[in-house]
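This report refers to the structure that appears directly beneath it.
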Amino acid sequence: MQTPAEPALRPRLSPQAHPGPDPPGHGKPAAAAGRAPTVRRRVGGIVLAAGASTRAGCPKALATIDGEPLVGRATRVLAEGGVDQVVVVVGPPHGEEVARALREHGRIPITDELRLLQNDDPGRGMLSSLKVALTHGATDAWDAAVVVLVDQPHVRAADVAALLGAFRSTSVRIVRVAAGQRRGHPYLVARSVFAELLAAPDDLGPRPVLTGLSPAMTVDVGDPRVLDDVDTPADLAAAGVKPPL
């Protein structure tokens with residue numbers, strides 16, 4: 001599903017956007033990787049928002065934190081973090097509601113720089129939604145993709161910028177966010193990994209594909225909440241996330 005372009009009523013993503021300086025101590029590489037000259041490379045951002053949200057009891061993409069829908073927050077964080085284009089993968093039955101929420105509450109308009117794509121059968125698993133986005137990215141000249149779950153309310157623009165900074169200054173294929181010994185979403189995969197993910201069975205999930213691929217590195221973002229997602233009503237309440245009205 002692709003939504004018609006909206007008038008550019010809000011600031012657009014700049015084609016020259018580049019992650020700014022990290023806060024002191026933020027995004028410090030936690031694993032060594034071969035250094036390469038800093039090169040401007042095109043990076044897309046992916047928001048996975050096609051899940052049924054069965055355990056949460058409500059469509060999590062439409063739940064709000066500080067008055068902002070989670071799907072709008074995720075797209076904003078990616079844009080402010082420096083990606084060149086954002087893709088949101090939605091699924092039935094909430095795709096139209098998500099599109100409406102982005103039109104009404106999103107910080108960037110639905111244009112070529114913010115795309116909605118539909119996974120018609122998200123029950124096949126998270127990898128099936130990731131494939132929808134990566135197929136788009138492969139045809140739109142992405143050099144890498146940052147993957148974020150829609151139900152991660154504590155991801156910050158600085159975390160995205162740390163991933164991009166690591167990728168653009170090294171030759172790694174994978175950059176993962178870490179907080180101490182924990183690793184998870186968001187993460188970045190280089191274009192050279194797209195084909196391996198696209199070829200994997202949907203029910204396998206991305207983790208087994210990514211495990212063991214190299215070169216890879218992690219960036220420690222300090223705050224373990226960045227890695228948290230919200231799956232249940234108790235999770236939503238603990239994170240200060242309100243169900244949609």
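Lettering and numbering for the structure tokens are positional, with chains as A, B, ... in the shown order, residues counted from 1 in each chain, and ligands counted from 1 in the shown order.
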Review point. What lies within 7 Å of Lys242 in chain A using only C-alpha atoms, ignoring chain neighbours under 6 positions off, as a list of chain:residue names?
Key: A:Ala63, A:Thr64, A:Ile65, A:Leu236
Compile the contact shell of Asp143 in chain A as an mmCIF file with C-alpha atoms, in the first residue's frame: residues with an atom at most 7 Å away, counting only C-alpha atoms, same-chain residues fewer than 2 positions apart removed.
data_model
loop_
_atom_site.group_PDB
_atom_site.id
_atom_site.type_symbol
_atom_site.label_atom_id
_atom_site.label_comp_id
_atom_site.auth_asym_id
_atom_site.auth_seq_id
_atom_site.Cartn_x
_atom_site.Cartn_y
_atom_site.Cartn_z
ATOM 1 C CA ARG A 41 26.159 6.836 1.973
ATOM 2 C CA ARG A 42 22.379 6.722 1.558
ATOM 3 C CA VAL A 43 20.629 5.068 4.508
ATOM 4 C CA ALA A 141 19.631 2.758 -3.917
ATOM 5 C CA ALA A 190 24.499 -2.755 5.015
ATOM 6 C CA ARG A 191 23.159 -3.324 1.516
#
Near Ser128 in chain A, counting only C-alpha atoms, which residues have an atom at most 9 Å away, once you skip same-chain residues fewer than 6 positions from it, shown as a PyMOL selection string?
chain A and resi 119+121-122+198+201-203+205
Self-check item: Computed interatomic separation between CA of Val71 in chain A and CA of Leu163 in chain A (Å)
Solution: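 Interatomic distance here is 20.1 Å.
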To one decimal in Å, tell me the separation between CA of Leu213 in chain A and CA of Arg173 in chain A.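 Separating CA of Leu213 in chain A from CA of Arg173 in chain A is a distance of 7.8 Å.
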| message | I need the residues of range 93-211 of chain A that end up classed as helix (DSSP H, G or I) by DSSP on the backbone, written out as an MDAnalysis selection string. | response | chainID A and resid 95:105 122:124 126:139 157:168 191:199 202:204 206:210
| message | Could you list, as a list in words, every residue within 8 Å of Pro224 in chain A, counting only C-alpha atoms and ignoring same-chain residues fewer than 3 positions away? | response |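 Within the cut-off, the hits are Ala178, Ala179, Gly180, Arg182, Val221, Leu227 and Asp228 of chain A.
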Put those residues in a file: N, CA and C atoms, as a compact mmCIF listing (two decimals), in the first residue's frame.
# COMPACT_ATOMS: atom_id res chain seq x y z
N ALA A 178 23.74 -1.45 21.73
CA ALA A 178 23.95 -2.24 22.94
C ALA A 178 23.84 -1.34 24.16
N ALA A 179 23.50 -1.97 25.28
CA ALA A 179 23.53 -1.30 26.59
C ALA A 179 24.08 -2.34 27.55
N GLY A 180 25.33 -2.21 27.90
CA GLY A 180 25.98 -3.25 28.69
C GLY A 180 26.08 -4.52 27.87
N ARG A 182 23.45 -6.25 26.83
CA ARG A 182 22.25 -6.42 26.01
C ARG A 182 22.44 -5.82 24.63
N VAL A 221 24.87 2.61 23.87
CA VAL A 221 24.10 3.84 24.02
C VAL A 221 23.81 4.16 25.48
N LEU A 227 16.47 -0.44 24.36
CA LEU A 227 16.26 -1.76 23.78
C LEU A 227 14.88 -2.33 24.09
N ASP A 228 14.14 -1.69 25.01
CA ASP A 228 12.87 -2.25 25.45
C ASP A 228 11.77 -2.05 24.41
Within 10 Å of range 134-140 of chain A using only C-alpha atoms, minus same-chain residues under 4 positions, as a PDB file with N, CA and C atoms, in the first residue's frame:
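So the final result, stored in out_24.pdb, reads:
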ATOM      1  N   ARG A  42      23.826   6.554   1.406  1.00  0.00           N
ATOM      2  CA  ARG A  42      22.379   6.722   1.558  1.00  0.00           C
ATOM      3  C   ARG A  42      21.827   5.620   2.462  1.00  0.00           C
ATOM      4  N   VAL A  43      21.157   6.016   3.532  1.00  0.00           N
ATOM      5  CA  VAL A  43      20.629   5.068   4.508  1.00  0.00           C
ATOM      6  C   VAL A  43      19.131   5.284   4.672  1.00  0.00           C
ATOM      7  N   GLY A  44      18.386   4.196   4.596  1.00  0.00           N
ATOM      8  CA  GLY A  44      16.952   4.245   4.838  1.00  0.00           C
ATOM      9  C   GLY A  44      16.623   3.819   6.253  1.00  0.00           C
ATOM     10  N   GLY A  45      15.480   4.261   6.728  1.00  0.00           N
ATOM     11  CA  GLY A  45      14.986   3.850   8.035  1.00  0.00           C
ATOM     12  C   GLY A  45      13.730   3.017   7.875  1.00  0.00           C
ATOM     13  N   ILE A  46      13.634   1.929   8.617  1.00  0.00           N
ATOM     14  CA  ILE A  46      12.493   1.015   8.520  1.00  0.00           C
ATOM     15  C   ILE A  46      11.791   0.958   9.867  1.00  0.00           C
ATOM     16  N   GLN A  85      15.531   8.407   4.094  1.00  0.00           N
ATOM     17  CA  GLN A  85      14.145   8.069   3.762  1.00  0.00           C
ATOM     18  C   GLN A  85      13.628   7.141   4.850  1.00  0.00           C
ATOM     19  N   VAL A  86      12.332   7.246   5.165  1.00  0.00           N
ATOM     20  CA  VAL A  86      11.717   6.374   6.157  1.00  0.00           C
ATOM     21  C   VAL A  86      10.616   5.564   5.494  1.00  0.00           C
ATOM     22  N   VAL A  87      10.603   4.268   5.765  1.00  0.00           N
ATOM     23  CA  VAL A  87       9.563   3.367   5.279  1.00  0.00           C
ATOM     24  C   VAL A  87       8.872   2.750   6.487  1.00  0.00           C
ATOM     25  N   ARG A 115       7.430   6.748   3.288  1.00  0.00           N
ATOM     26  CA  ARG A 115       6.594   5.831   2.528  1.00  0.00           C
ATOM     27  C   ARG A 115       5.889   4.850   3.447  1.00  0.00           C
ATOM     28  N   LEU A 117       4.277   1.089   3.231  1.00  0.00           N
ATOM     29  CA  LEU A 117       4.212  -0.129   2.436  1.00  0.00           C
ATOM     30  C   LEU A 117       3.410  -1.159   3.211  1.00  0.00           C
ATOM     31  N   SER A 128       9.044 -11.266   7.187  1.00  0.00           N
ATOM     32  CA  SER A 128       8.248 -10.977   5.991  1.00  0.00           C
ATOM     33  C   SER A 128       8.033  -9.474   5.835  1.00  0.00           C
ATOM     34  N   SER A 129       7.850  -8.763   6.939  1.00  0.00           N
ATOM     35  CA  SER A 129       7.713  -7.303   6.873  1.00  0.00           C
ATOM     36  C   SER A 129       9.042  -6.645   6.531  1.00  0.00           C
ATOM     37  N   LEU A 130      10.115  -7.157   7.111  1.00  0.00           N
ATOM     38  CA  LEU A 130      11.435  -6.612   6.803  1.00  0.00           C
ATOM     39  C   LEU A 130      11.746  -6.773   5.318  1.00  0.00           C
ATOM     40  N   ALA A 144      22.291   1.157   3.116  1.00  0.00           N
ATOM     41  CA  ALA A 144      22.078   0.472   4.393  1.00  0.00           C
ATOM     42  C   ALA A 144      20.678   0.795   4.880  1.00  0.00           C
ATOM     43  N   ALA A 145      20.249   0.080   5.908  1.00  0.00           N
ATOM     44  CA  ALA A 145      18.939   0.314   6.508  1.00  0.00           C
ATOM     45  C   ALA A 145      19.051   0.230   8.021  1.00  0.00           C
ATOM     46  N   ARG A 191      23.827  -2.797   2.704  1.00  0.00           N
ATOM     47  CA  ARG A 191      23.159  -3.324   1.516  1.00  0.00           C
ATOM     48  C   ARG A 191      23.624  -4.745   1.181  1.00  0.00           C
ATOM     49  N   SER A 192      24.867  -5.062   1.482  1.00  0.00           N
ATOM     50  CA  SER A 192      25.390  -6.395   1.172  1.00  0.00           C
ATOM     51  C   SER A 192      24.691  -7.493   1.960  1.00  0.00           C
ATOM     52  N   VAL A 193      23.946  -7.119   3.009  1.00  0.00           N
ATOM     53  CA  VAL A 193      23.219  -8.104   3.809  1.00  0.00           C
ATOM     54  C   VAL A 193      21.790  -8.285   3.305  1.00  0.00           C
ATOM     55  N   PHE A 194      21.291  -7.340   2.499  1.00  0.00           N
ATOM     56  CA  PHE A 194      19.893  -7.397   2.066  1.00  0.00           C
ATOM     57  C   PHE A 194      19.561  -8.734   1.416  1.00  0.00           C
ATOM     58  N   ALA A 195      20.417  -9.184   0.492  1.00  0.00           N
ATOM     59  CA  ALA A 195      20.121 -10.405  -0.263  1.00  0.00           C
ATOM     60  C   ALA A 195      20.009 -11.615   0.656  1.00  0.00           C
ATOM     61  N   LEU A 197      19.029 -11.643   3.805  1.00  0.00           N
ATOM     62  CA  LEU A 197      17.755 -11.559   4.513  1.00  0.00           C
ATOM     63  C   LEU A 197      16.590 -11.872   3.579  1.00  0.00           C
ATOM     64  N   LEU A 198      16.655 -11.376   2.355  1.00  0.00           N
ATOM     65  CA  LEU A 198      15.571 -11.614   1.403  1.00  0.00           C
ATOM     66  C   LEU A 198      15.464 -13.083   1.013  1.00  0.00           C
TER      67      LEU A 198
END
As a check of understanding: the span from CA of Gln118 in chain A to CA of Val47 in chain A is 11.8 Å
Quiz prompt | Which of range 3-237 of chain A fall in strand (DSSP E), as a VMD selection string | solution = chain A and resid 28 to 29 43 to 49 64 to 65 68 to 69 85 to 90 114 to 118 144 to 149 174 to 179 182 to 190 216 to 220
Can you pull out every residue within 10 Å of Ser214 in chain A, counting only C-alpha atoms, but drop anything in the same chain fewer than 5 positions away, and send it as a ChimeraX atom specification?
/A:33,171-175,193
Would you output that residue set with C-alpha atoms, as a CSV table (one decimal), in the first residue's frame?
chain,number,residue,atom,x,y,z
A,33,ALA,CA,36.1,-2.8,13.4
A,171,SER,CA,33.5,-1.0,6.5
A,172,VAL,CA,31.2,-3.0,8.7
A,173,ARG,CA,28.1,-4.8,7.5
A,174,ILE,CA,26.1,-4.8,10.7
A,175,VAL,CA,25.9,-2.2,13.5
A,193,VAL,CA,23.2,-8.1,3.8
